[in-house]
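Pasted below: work-v6.txt, compact mmCIF, C-alpha atoms.
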```txt
# COMPACT_ATOMS: atom_id res chain seq x y z
CA MET D 284 137.54 111.74 7.85
CA VAL D 285 134.98 109.29 6.50
CA ALA D 286 135.75 108.08 2.99
CA PHE D 287 133.30 109.13 0.26
CA PRO D 288 132.48 105.49 -0.79
CA ALA D 289 131.57 104.71 2.82
CA LEU D 290 129.18 107.65 2.88
CA LEU D 291 127.57 106.43 -0.33
CA MET D 292 127.16 102.94 1.13
CA ALA D 293 125.59 104.30 4.33
CA PHE D 294 123.19 106.42 2.29
CA ALA D 295 122.22 103.44 0.14
CA LEU D 296 121.54 101.26 3.18
CA SER D 297 119.46 103.93 4.87
CA SER D 298 117.48 104.48 1.65
CA ALA D 299 116.92 100.74 1.23
CA GLY D 300 115.58 100.60 4.80
CA ALA D 301 113.04 103.36 4.25
CA PRO D 302 111.12 102.73 1.02
CA ASP D 303 109.01 105.53 -0.41
CA ARG D 304 105.30 104.68 -0.06
CA ASN D 305 104.64 106.61 -3.29
CA ALA D 306 106.45 103.86 -5.24
CA PHE D 307 103.78 101.18 -4.67
CA ARG D 308 100.60 100.80 -6.68
CA TRP D 309 98.76 98.66 -4.10
CA ARG D 310 98.52 98.07 -0.40
CA ALA D 311 96.59 95.68 1.87
CA PRO D 312 95.97 96.23 5.60
CA ILE D 313 96.95 93.92 8.42
CA LEU D 314 93.53 93.27 9.93
CA GLU D 315 94.40 93.88 13.56
CA PRO D 316 96.44 96.43 15.53
CA LEU D 317 100.00 95.24 16.04
CA GLN D 318 101.89 95.04 19.32
CA SER D 319 105.51 96.15 19.26
CA GLY D 320 108.03 93.32 19.50
CA THR D 321 105.46 90.60 18.74
CA LEU D 322 106.15 87.99 16.05
CA TYR D 323 103.28 87.39 13.60
CA ARG D 324 102.53 84.89 10.84
CA ALA D 325 100.01 85.68 8.09
CA ILE D 326 99.12 83.74 4.95
CA ILE D 327 99.79 85.78 1.80
CA PRO D 328 96.57 86.04 -0.27
CA PHE D 329 96.61 85.35 -4.00
CA HIS D 330 95.56 88.94 -4.71
CA VAL D 331 98.81 90.18 -3.14
CA MET D 332 100.98 87.89 -5.28
CA ASP D 333 99.00 88.90 -8.35
CA GLY D 334 99.44 92.62 -7.62
CA CYS D 335 103.24 92.35 -7.37
CA LYS D 336 105.41 93.24 -10.33
CA ALA D 337 108.20 90.94 -9.17
CA TYR D 338 106.95 88.83 -6.26
CA PRO D 339 108.35 88.83 -3.60
CA ALA D 340 110.95 91.52 -4.39
CA ASP D 341 108.45 94.40 -4.21
CA LEU D 342 106.78 93.49 -0.91
CA ARG D 343 107.24 95.88 2.01
CA LEU D 344 105.47 95.99 5.37
CA LEU D 345 105.16 99.56 6.68
CA ASP D 346 103.45 101.03 9.71
CA SER D 347 101.35 104.22 9.74
CA ALA D 348 104.50 106.36 10.04
CA GLY D 349 106.15 104.70 7.05
CA HIS D 350 108.65 102.69 9.12
CA GLU D 351 109.51 99.26 7.71
CA CYS D 352 108.83 96.09 9.71
CA PRO D 353 111.26 93.18 9.17
CA PHE D 354 109.79 90.05 7.59
CA PHE D 355 110.56 86.93 5.60
CA ILE D 356 108.45 84.52 3.55
CA GLN D 357 107.90 80.93 4.61
CA THR D 358 106.48 78.35 2.19
CA ASP D 359 104.49 75.39 3.49
CA LEU D 360 105.20 72.38 1.26
CA THR D 361 102.92 69.95 3.11
CA PRO D 362 100.57 68.36 0.52
CA ASP D 363 97.52 68.49 2.80
CA THR D 364 97.78 72.28 3.18
CA LEU D 365 97.53 73.15 -0.53
CA LEU D 366 95.23 76.06 -1.40
CA ALA D 367 92.74 75.79 -4.28
CA LEU D 368 92.74 78.53 -6.90
CA PRO D 369 89.41 79.74 -8.34
CA ALA D 370 90.13 77.96 -11.64
CA ALA D 371 87.26 78.04 -14.13
CA LEU D 372 86.80 75.93 -17.24
CA VAL D 373 86.58 78.17 -20.32
CA ASP D 374 85.72 77.61 -23.98
CA PRO D 375 88.51 76.59 -26.35
CA PRO D 376 90.18 79.48 -28.19
CA SER D 377 88.96 79.85 -31.75
CA ASP D 378 92.41 79.13 -33.18
CA GLU D 379 92.94 75.86 -31.30
CA PRO D 380 92.89 72.74 -33.54
CA ALA D 381 90.90 69.66 -32.59
CA GLY D 382 93.28 66.70 -32.41
CA ASP D 383 92.27 63.06 -32.81
CA GLY D 384 92.96 61.02 -29.71
CA VAL D 385 93.52 64.10 -27.54
CA SER D 386 91.09 65.62 -25.04
CA ARG D 387 91.77 69.30 -24.32
CA PHE D 388 90.62 71.41 -21.38
CA TYR D 389 91.21 75.14 -20.85
CA LEU D 390 91.34 76.85 -17.45
CA ASP D 391 91.39 80.47 -16.30
CA MET D 392 93.12 80.80 -12.92
CA GLY D 393 91.83 84.33 -12.28
CA PHE D 394 95.39 85.36 -11.29
CA ARG D 395 98.49 85.68 -13.44
CA SER D 396 101.33 85.76 -10.88
CA VAL D 397 100.56 82.95 -8.42
CA PRO D 398 103.10 80.06 -8.34
CA LEU D 399 101.11 76.95 -9.26
CA SER D 400 101.94 73.72 -7.45
CA ARG D 401 99.63 70.95 -8.67
CA LEU D 402 97.02 70.09 -11.26
CA ILE D 403 94.53 67.59 -9.87
CA ALA D 404 92.35 65.67 -12.35
CA GLN D 405 89.76 63.31 -10.87
CA ALA D 406 88.13 60.79 -13.22
CA ALA D 407 84.97 58.69 -13.03
CA GLU D 408 86.59 55.58 -14.51
CA THR D 409 88.04 52.90 -12.25
CA ASN D 410 90.59 51.37 -14.62
CA PHE D 411 92.64 53.73 -16.78
CA ALA D 412 96.05 55.29 -17.37
CA ARG D 413 96.66 58.47 -19.37
CA SER D 414 99.50 60.86 -20.11
CA ILE D 415 98.85 64.55 -19.54
CA LYS D 416 100.64 67.61 -20.91
CA VAL D 417 100.09 71.08 -19.42
CA PHE D 418 100.78 74.39 -21.17
CA GLY D 419 100.38 77.94 -19.85
CA ARG D 420 100.25 81.56 -20.92
CA VAL D 421 99.89 84.85 -19.07
CA ASP D 422 97.51 86.57 -21.51
CA ALA D 423 94.75 85.10 -23.64
CA THR D 424 96.57 85.97 -26.87
CA ASN D 425 100.09 84.74 -25.99
CA ALA D 426 101.63 81.60 -27.41
CA TRP D 427 101.32 78.53 -25.20
CA ARG D 428 104.42 77.54 -23.22
CA TRP D 429 105.12 74.05 -21.96
CA MET D 430 104.72 73.75 -18.18
CA ALA D 431 104.71 70.11 -17.18
CA GLU D 432 103.71 66.58 -18.10
CA GLY D 433 103.01 63.40 -16.23
CA GLY D 434 100.70 60.45 -15.87
CA ILE D 435 97.44 59.88 -14.03
CA TYR D 436 96.01 56.45 -13.47
CA ARG D 437 93.76 54.20 -11.42
CA LEU D 438 94.92 50.61 -11.68
CA GLN D 439 93.73 48.11 -9.10
CA GLU D 440 95.15 49.40 -5.80
CA ARG D 441 97.39 52.06 -7.34
CA GLU D 442 96.15 55.58 -8.03
CA ARG D 443 97.61 58.93 -9.05
CA GLU D 444 95.46 61.92 -9.97
CA TRP D 445 97.85 64.88 -9.97
CA VAL D 446 100.67 66.45 -12.02
CA ASP D 447 103.39 68.66 -10.51
CA LEU D 448 103.35 72.18 -12.06
CA ASN D 449 106.76 73.19 -10.65
CA ASN D 450 105.54 76.48 -9.11
CA GLN D 451 105.29 78.22 -12.48
CA ALA D 452 102.92 81.18 -12.77
CA PHE D 453 100.42 81.48 -15.63
CA ARG D 454 96.84 82.69 -15.73
CA TYR D 455 95.61 80.42 -18.55
CA LEU D 456 96.25 76.68 -18.78
CA LYS D 457 95.76 74.19 -21.57
CA ILE D 458 95.56 70.54 -20.51
CA GLU D 459 96.00 67.80 -23.09
CA VAL D 460 94.97 64.26 -22.17
CA LEU D 461 96.46 61.72 -24.58
CA ASN D 462 93.87 58.99 -25.18
CA TYR D 463 95.27 57.58 -28.44
CA ASP D 464 93.06 54.57 -29.31
CA GLU D 465 91.64 54.25 -25.78
CA PRO D 466 88.18 55.52 -24.75
CA VAL D 467 87.91 59.12 -23.63
CA VAL D 468 88.23 59.51 -19.85
CA THR D 469 85.40 61.34 -18.09
CA PHE D 470 86.77 63.88 -15.61
CA THR D 471 84.52 64.83 -12.70
CA ASN D 472 86.83 67.54 -11.38
CA ILE D 473 89.88 69.43 -12.65
CA GLY D 474 91.50 71.87 -10.24
CA VAL D 475 94.75 73.73 -9.65
CA TRP D 476 96.40 74.17 -6.27
CA ALA D 477 99.18 76.29 -4.81
CA ASP D 478 101.49 75.97 -1.81
CA PRO D 479 100.49 78.38 0.96
CA GLN D 480 103.07 81.10 1.60
CA TYR D 481 103.29 82.97 4.89
CA LEU D 482 104.53 86.42 5.80
CA VAL D 483 106.46 86.10 9.07
CA PHE D 484 107.09 89.55 10.53
CA GLN D 485 107.87 91.39 13.71
CA ALA D 486 106.09 94.59 14.67
CA ASP D 487 108.39 97.49 15.50
CA CYS D 488 105.65 99.62 17.04
CA ASP D 489 102.03 99.45 18.18
CA GLY D 490 99.13 100.20 15.85
CA ALA D 491 98.20 99.76 12.21
CA ALA D 492 100.36 98.45 9.36
CA TRP D 493 99.94 97.79 5.64
CA LEU D 494 101.60 95.45 3.19
CA TYR D 495 102.67 97.53 0.17
CA PHE D 496 103.34 95.94 -3.24
CA GLY D 497 103.39 96.60 -6.95
CA SER D 498 106.63 98.52 -7.53
CA ASP D 499 109.36 98.06 -10.14
CA ALA D 500 111.92 100.19 -8.28
CA LEU D 501 112.81 97.84 -5.41
CA HIS D 502 115.07 94.88 -4.72
CA LEU D 503 114.68 92.04 -2.25
CA PRO D 504 114.32 93.29 1.33
CA LEU D 505 116.85 92.33 3.96
CA GLY D 506 115.98 88.98 5.52
CA GLU D 507 117.87 89.14 8.79
CA LEU D 508 114.73 88.33 10.78
CA ARG D 509 114.89 84.76 9.44
CA HIS D 510 118.21 84.30 11.24
CA ARG D 511 117.09 85.98 14.47
CA VAL D 512 114.07 83.80 15.25
CA SER D 513 113.88 80.08 15.86
CA ALA D 514 111.61 77.58 14.13
CA ARG D 515 109.82 77.14 17.46
CA ALA D 516 109.13 80.89 17.68
CA VAL D 517 107.71 80.88 14.15
CA ALA D 518 105.51 77.87 14.94
CA VAL D 519 103.90 79.67 17.89
CA ALA D 520 103.83 83.12 16.26
CA ARG D 521 100.62 85.08 16.64
CA HIS D 522 98.18 84.72 13.75
CA ALA D 523 97.50 87.77 11.59
CA ALA D 524 95.34 88.26 8.52
CA ILE D 525 95.97 90.39 5.42
CA GLY D 526 92.98 92.31 4.12
CA PRO D 527 91.76 93.11 0.61
CA ARG D 528 93.89 94.87 -1.97
CA GLU D 529 93.33 98.58 -2.41
CA LEU D 530 94.91 101.35 -4.46
CA ASN D 531 97.73 102.98 -2.53
CA PRO D 532 96.52 106.47 -1.55
CA PHE D 533 100.11 107.77 -1.36
CA MET D 534 100.72 106.91 -5.01
CA LEU D 535 97.35 108.40 -5.98
CA ARG D 536 98.19 111.60 -4.12
CA ALA D 537 101.61 111.77 -5.77
CA ASP D 538 100.06 111.16 -9.20
CA LEU D 539 97.44 113.87 -8.67
CA TRP D 540 100.12 116.31 -7.54
CA GLY D 541 102.20 115.38 -10.59
CA TYR D 542 99.26 116.03 -12.91
CA ALA D 543 98.46 119.30 -11.14
CA ARG D 544 102.08 120.44 -11.39
CA LEU D 545 102.18 119.53 -15.10
CA LEU D 546 98.90 121.40 -15.67
CA LEU D 547 100.27 124.44 -13.79
CA ILE D 548 103.51 124.45 -15.79
CA THR D 549 101.57 124.06 -19.06
CA SER D 550 99.18 126.88 -18.11
CA LEU D 551 102.03 129.20 -17.13
CA SER D 552 103.82 128.37 -20.39
CA ILE D 553 100.71 129.21 -22.44
CA CYS D 554 100.19 132.43 -20.50
CA GLY D 555 103.85 133.31 -21.05
CA VAL D 556 103.57 132.73 -24.81
CA LEU D 557 100.37 134.81 -24.99
CA ALA D 558 101.94 137.63 -22.96
CA LEU D 559 105.01 137.58 -25.20
CA GLY D 560 102.80 137.76 -28.27
CA ILE D 561 100.89 140.74 -26.90
CA LEU D 562 104.16 142.45 -26.00
CA LEU D 563 105.60 141.91 -29.49
CA ARG D 564 102.46 143.32 -31.14
CA ARG D 565 102.67 146.43 -28.97
CA ILE D 566 106.33 146.91 -29.83
CA LYS D 567 105.60 146.59 -33.58
CA ALA D 568 102.73 149.05 -33.22
```
What's the structure tokens form of this structure?
Amino acid sequence: MVAFPALLMAFALSSAGAPDRNAFRWRAPILEPLQSGTLYRAIIPFHVMDGCKAYPADLRLLDSAGHECPFFIQTDLTPDTLLALPAALVDPPSDEPAGDGVSRFYLDMGFRSVPLSRLIAQAAETNFARSIKVFGRVDATNAWRWMAEGGIYRLQEREREWVDLNNQAFRYLKIEVLNYDEPVVTFTNIGVWADPQYLVFQADCDGAAWLYFGSDALHLPLGELRHRVSARAVAVARHAAIGPRELNPFMLRADLWGYARLLLITSLSICGVLALGILLRRIKA
């Protein structure tokens, strides 16, 4: 006889391997039909990271039948493969003080959940050295939180124009350049970059598949695929692309059914109260 704890464990593992598509707010299609058994490698777009509630814990790759495809995430830390975010300079907040000897710049990343790798600040001057402090916040009304600090300079044959942001995720950045008694440095470009992250997965069947994300009810998926494939196999994996983010129709359908069921129950309850009232009046009469 199988012990009851063993049954519970088997049920938990089977449930973890078959996530409910209704639990995800978003999905994004794989932009080509998959071939069963083939290993693929696709760069994860910023809009996927931003749509997650706990990236990468709530990522799942499911085919059209709802079966889960094994995957793991690979990060490329090569400096020449960094991806630029659509950072835009914005006006200073109204409550920000103007400090003597400090130049301040404010950026909107456009995304709030993307791990940020580097701030690159390119200056017009040919002989300078400045300290930089970087602060971040998720929403426009939050308090600023320290992110990083460092130095940029261009001195004879030595040059450094970037600050490491330690893969922290914030939508809004405040950059303070400490000039002190030195002339203000003229920046020709200020940008923020992120390390590319890849979804490495193996198709379990032919046909269409979607990357589902945006759920607070999931834990990290099993990563056994990482230990089953070699670095060489990953390097020659077939390229795949992830499409635009869209609302998950399964969640929408479940929400509509939930609203309809609530409306039906409410209507039946009202009808029941009215019928009871009519019945009581007839009895009193």
Quick one: which region 321-379 of chain D residues come within 12 Å of region 447-464 of chain D, and what is the nearest atom pair for each with the distance in Å to one decimal, counting only C-alpha atoms, rows ordered by chain and ascending number, as a tab-separated table?
```
residue	atom	partner	partner_atom	distance
D:Phe329	CA	D:Ala452	CA	11.6
D:Met332	CA	D:Ala452	CA	10.2
D:Asp333	CA	D:Ala452	CA	9.7
D:Ala337	CA	D:Ala452	CA	11.7
D:Tyr338	CA	D:Ala452	CA	10.8
D:Thr358	CA	D:Asn450	CA	11.5
D:Leu360	CA	D:Asn450	CA	11.2
D:Pro362	CA	D:Asp447	CA	11.4
D:Leu368	CA	D:Arg454	CA	10.6
D:Pro369	CA	D:Arg454	CA	10.9
D:Ala370	CA	D:Tyr455	CA	9.2
D:Ala371	CA	D:Tyr455	CA	9.7
D:Leu372	CA	D:Leu456	CA	9.6
D:Val373	CA	D:Tyr455	CA	9.5
D:Asp374	CA	D:Lys457	CA	10.9
D:Pro375	CA	D:Lys457	CA	9.0
D:Pro376	CA	D:Lys457	CA	10.1
D:Glu379	CA	D:Lys457	CA	10.3
```
### Message
If I take CA of Leu438 (chain D) and CA of Ala381 (chain D), how far is one from the other in Å, to one decimal?
### Response
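Between CA of Leu438 (chain D) and CA of Ala381 (chain D) the gap works out to 28.6 Å.
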Would you kindly return, as a JSON list (two decimals) with C-alpha atoms, keeping the file's coordinate frame, each protein, DNA or RNA residue with an atom no farther than 8 Å from any atom of Val483 (chain D), considering only C-alpha atoms and excluding same-chain residues fewer than 3 positions away?
```json
[["chain", "number", "residue", "atom", "x", "y", "z"],
["D", 322, "LEU", "CA", 106.15, 87.99, 16.05],
["D", 323, "TYR", "CA", 103.28, 87.39, 13.60],
["D", 324, "ARG", "CA", 102.53, 84.89, 10.84],
["D", 325, "ALA", "CA", 100.01, 85.68, 8.09],
["D", 354, "PHE", "CA", 109.79, 90.05, 7.59],
["D", 355, "PHE", "CA", 110.56, 86.93, 5.60],
["D", 356, "ILE", "CA", 108.45, 84.52, 3.55],
["D", 357, "GLN", "CA", 107.90, 80.93, 4.61],
["D", 517, "VAL", "CA", 107.71, 80.88, 14.15]]
```
### Task
Between CA of Leu503 (chain D) and CA of Leu342 (chain D), measure the distance and give it in Å to one decimal.
8.1 Å
#### Entry: Point-to-point distance from CA of Lys336 (chain D) to CA of Trp309 (chain D), Å rounded to tenths
10.6 Å
Tell me which protein, DNA and RNA residues are within 9 Å of Ser498 (chain D), counting all atoms listed in the file, leaving out same-chain ones fewer than 2 positions away, and put them as a PDB file with C-alpha atoms, in the frame of the given file.
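Output file part11.pdb is given in full below:
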```
ATOM      1  CA  ALA D 306     106.450 103.860  -5.240  1.00  0.00           C
ATOM      2  CA  PHE D 307     103.780 101.180  -4.670  1.00  0.00           C
ATOM      3  CA  ARG D 308     100.600 100.800  -6.680  1.00  0.00           C
ATOM      4  CA  TRP D 309      98.760  98.660  -4.100  1.00  0.00           C
ATOM      5  CA  CYS D 335     103.240  92.350  -7.370  1.00  0.00           C
ATOM      6  CA  LYS D 336     105.410  93.240 -10.330  1.00  0.00           C
ATOM      7  CA  ALA D 337     108.200  90.940  -9.170  1.00  0.00           C
ATOM      8  CA  ALA D 340     110.950  91.520  -4.390  1.00  0.00           C
ATOM      9  CA  ASP D 341     108.450  94.400  -4.210  1.00  0.00           C
ATOM     10  CA  LEU D 342     106.780  93.490  -0.910  1.00  0.00           C
ATOM     11  CA  TYR D 495     102.670  97.530   0.170  1.00  0.00           C
ATOM     12  CA  PHE D 496     103.340  95.940  -3.240  1.00  0.00           C
ATOM     13  CA  ALA D 500     111.920 100.190  -8.280  1.00  0.00           C
ATOM     14  CA  LEU D 501     112.810  97.840  -5.410  1.00  0.00           C
TER      15      LEU D 501
END
```
### Message
Give me, as a list in words, all polymer residues having an atom no more than 10 Å from Arg528 (chain D), counting all atoms listed in the file and skipping those fewer than 4 positions away in the same chain.
### Response
Trp309, Arg310, Ala311, Pro312, Pro328, His330, Val331, Gly334, Leu494, Tyr495 and Phe496 of chain D
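Closest approach to Thr424 (chain D) among D:Ser386, D:Phe411, D:Ile473, D:Ser377: D:Ser377, based on all atoms listed in the file.
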### Task
Find the residues with any atom within 10 Å of (94.4, 51.0, -11.5); use only C-alpha atoms and the coordinates as given in the file, and write the answer as a PyMOL selection string.
chain D and resi 408-412+435-443
